[in-house]
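Trainee: Below is the file run-v3.csv, which contains CSV, C-alpha atoms.
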chain,number,residue,atom,x,y,z
J,1,MET,CA,40.7,1.0,9.6
J,2,ASN,CA,41.7,-2.5,10.6
J,3,TYR,CA,40.7,-5.8,8.9
J,4,LYS,CA,38.0,-6.8,11.4
J,5,SER,CA,36.3,-3.4,11.1
J,6,THR,CA,36.2,-3.7,7.4
J,7,ILE,CA,34.7,-7.2,7.6
J,8,ALA,CA,32.1,-6.1,10.1
J,9,ILE,CA,31.0,-3.2,7.9
J,10,LEU,CA,30.8,-5.4,4.8
J,11,ALA,CA,28.7,-8.0,6.7
J,12,ALA,CA,26.3,-5.3,8.0
J,13,LEU,CA,25.8,-3.9,4.5
J,14,LEU,CA,25.2,-7.4,3.0
J,15,LEU,CA,22.7,-8.2,5.7
J,16,ARG,CA,20.9,-4.9,5.3
J,17,GLY,CA,20.5,-5.6,1.6
J,18,THR,CA,19.3,-9.2,2.3
J,19,PHE,CA,16.5,-8.0,4.6
J,20,ALA,CA,15.4,-5.3,2.1
J,21,LEU,CA,15.0,-8.0,-0.5
J,22,ALA,CA,13.1,-10.3,1.9
J,23,ASP,CA,10.7,-7.5,2.8
J,24,SER,CA,9.8,-6.9,-0.9
J,25,ALA,CA,9.7,-10.5,-1.8
J,26,THR,CA,6.4,-12.1,-2.8
J,27,PRO,CA,5.5,-15.1,-0.6
J,28,PRO,CA,5.4,-18.5,-2.2
J,29,GLY,CA,2.1,-19.2,-3.9
J,30,VAL,CA,1.3,-15.5,-4.5
J,31,PRO,CA,1.8,-14.2,-8.1
J,32,LYS,CA,4.1,-11.1,-8.4
J,33,SER,CA,1.2,-9.3,-10.0
J,34,TYR,CA,-1.1,-9.6,-7.0
J,35,PRO,CA,-1.6,-6.0,-5.7
J,36,LEU,CA,-1.6,-6.6,-2.0
J,37,LYS,CA,1.1,-7.7,0.5
J,38,THR,CA,-1.3,-8.2,3.4
J,39,CYS,CA,-4.3,-10.4,4.0
J,40,VAL,CA,-7.6,-8.6,3.3
J,41,VAL,CA,-9.2,-10.3,6.3
J,42,SER,CA,-6.6,-9.9,9.1
J,43,GLY,CA,-4.3,-7.3,7.7
J,44,ASP,CA,-1.3,-9.5,8.5
J,45,PRO,CA,1.5,-9.9,5.9
J,46,LEU,CA,0.9,-12.7,3.4
J,47,GLY,CA,2.9,-15.7,4.3
J,48,GLU,CA,3.4,-14.7,7.9
J,49,HIS,CA,1.3,-17.5,9.3
J,50,GLY,CA,2.5,-20.3,7.0
J,51,LYS,CA,1.2,-21.3,3.6
J,52,VAL,CA,-1.0,-18.7,1.8
J,53,VAL,CA,-4.5,-19.7,1.0
J,54,LYS,CA,-6.0,-18.9,-2.4
J,55,VAL,CA,-9.7,-18.4,-2.8
J,56,SER,CA,-11.7,-16.9,-5.7
J,57,PHE,CA,-14.9,-14.9,-6.0
J,58,GLN,CA,-16.4,-14.3,-9.5
J,59,GLY,CA,-13.1,-14.6,-11.2
J,60,THR,CA,-11.1,-12.5,-8.7
J,61,ASP,CA,-8.3,-14.4,-6.8
J,62,VAL,CA,-7.9,-13.4,-3.2
J,63,TYR,CA,-5.0,-14.6,-1.1
J,64,LEU,CA,-5.4,-15.0,2.6
J,65,CYS,CA,-2.6,-15.3,5.2
J,66,CYS,CA,-3.9,-18.5,6.7
J,67,ARG,CA,-6.7,-21.0,6.8
J,68,ASP,CA,-8.1,-19.3,9.9
J,69,CYS,CA,-9.2,-16.3,7.8
J,70,LEU,CA,-11.4,-18.5,5.6
J,71,LYS,CA,-14.3,-18.4,8.1
J,72,ASP,CA,-14.5,-14.6,7.9
J,73,TYR,CA,-13.8,-14.5,4.2
J,74,LYS,CA,-16.8,-16.8,3.6
J,75,LYS,CA,-19.1,-14.4,5.4
J,76,ASP,CA,-18.7,-11.7,2.8
J,77,PRO,CA,-16.4,-12.8,-0.2
J,78,ALA,CA,-17.7,-9.9,-2.4
J,79,LYS,CA,-16.3,-7.4,0.1
J,80,TYR,CA,-12.8,-9.0,0.1
J,81,ALA,CA,-12.8,-9.4,-3.7
J,82,LYS,CA,-13.6,-5.7,-4.1
J,83,MET,CA,-10.7,-4.9,-1.8
J,84,VAL,CA,-8.4,-6.7,-4.2
J,85,LYS,CA,-9.9,-5.1,-7.3
J,86,ASP,CA,-9.7,-1.6,-5.7
J,87,ALA,CA,-6.0,-2.1,-4.7
J,88,PRO,CA,-3.5,-0.2,-6.9
J,89,ALA,CA,-1.6,-2.6,-9.3
J,90,LYS,CA,1.9,-3.5,-8.4
J,91,ARG,CA,4.6,-2.2,-10.7
In structure tokens, what does this structure look like?

Mentor:
Amino acid sequence: MNYKSTIAILAALLLRGTFALADSATPPGVPKSYPLKTCVVSGDPLGEHGKVVKVSFQGTDVYLCCRDCLKDYKKDPAKYAKMVKDAPAKR
């Protein structure tokens, strides 16, 4: 194997590991203990649409992917808080 092939293989392995870490990373503003990786309103990944929005309902914190989801959240906050409570805890 020549030098360039070795470099290409190492670069590919490093990039693969970096993307795996990025996929499992918690978006800024969301605690690592939060049980969901997606928005309970839209189903989109948290942080995909910019800054995550934190709302609360009767002591349960709910994180939304964007401000646009607030309108739907406010229609039935109990429903979305229950989705968070019912989600399995992260380990």

Trainee: Just the residues within 12 Å of Asp61 in chain J, please, counting only C-alpha atoms, with nothing from its chain fewer than 5 positions along; format it as an NGL selection string.

Mentor: :J and (29-31 or 33-36 or 40 or 53-56 or 77-78 or 80-85)

Trainee: Find, counting all atoms listed in the file, the residue in J:Asp72, J:Asp86, J:Thr26, J:Arg67 that gets nearest to Lys51 in chain J.

Mentor: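 The answer is J:Arg67, which sits nearest to Lys51 in chain J.
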
Trainee: For CA of Pro27 in chain J and CA of Gly47 in chain J, quote the distance in Å rounded to one decimal.

Mentor: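 Here the two named atoms are 5.6 Å from each other.
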
Trainee: Of the residues J:Leu64, J:Gln58, J:Asn2, J:Ala25, which is the one nearest to Val41 in chain J, using all atoms listed in the file?

Mentor: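 The shortest atom-to-atom distance to Val41 in chain J comes from J:Leu64.
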
Trainee: Using Å and a single decimal, report how far CA of Cys65 in chain J sits from CA of Lys79 in chain J.

Mentor: 16.6 Å

Trainee: Quick one, how far is CA of Thr38 in chain J from CA of Tyr63 in chain J?

Mentor: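 Those two atoms sit 8.7 Å apart.
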
Trainee: With distances taken over all atoms listed in the file, which residue among J:Ala87, J:Asp76, J:Cys66, J:Lys37 lies nearest Gly50 in chain J?

Mentor: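 For Gly50 in chain J, the nearest of the given residues is J:Cys66.
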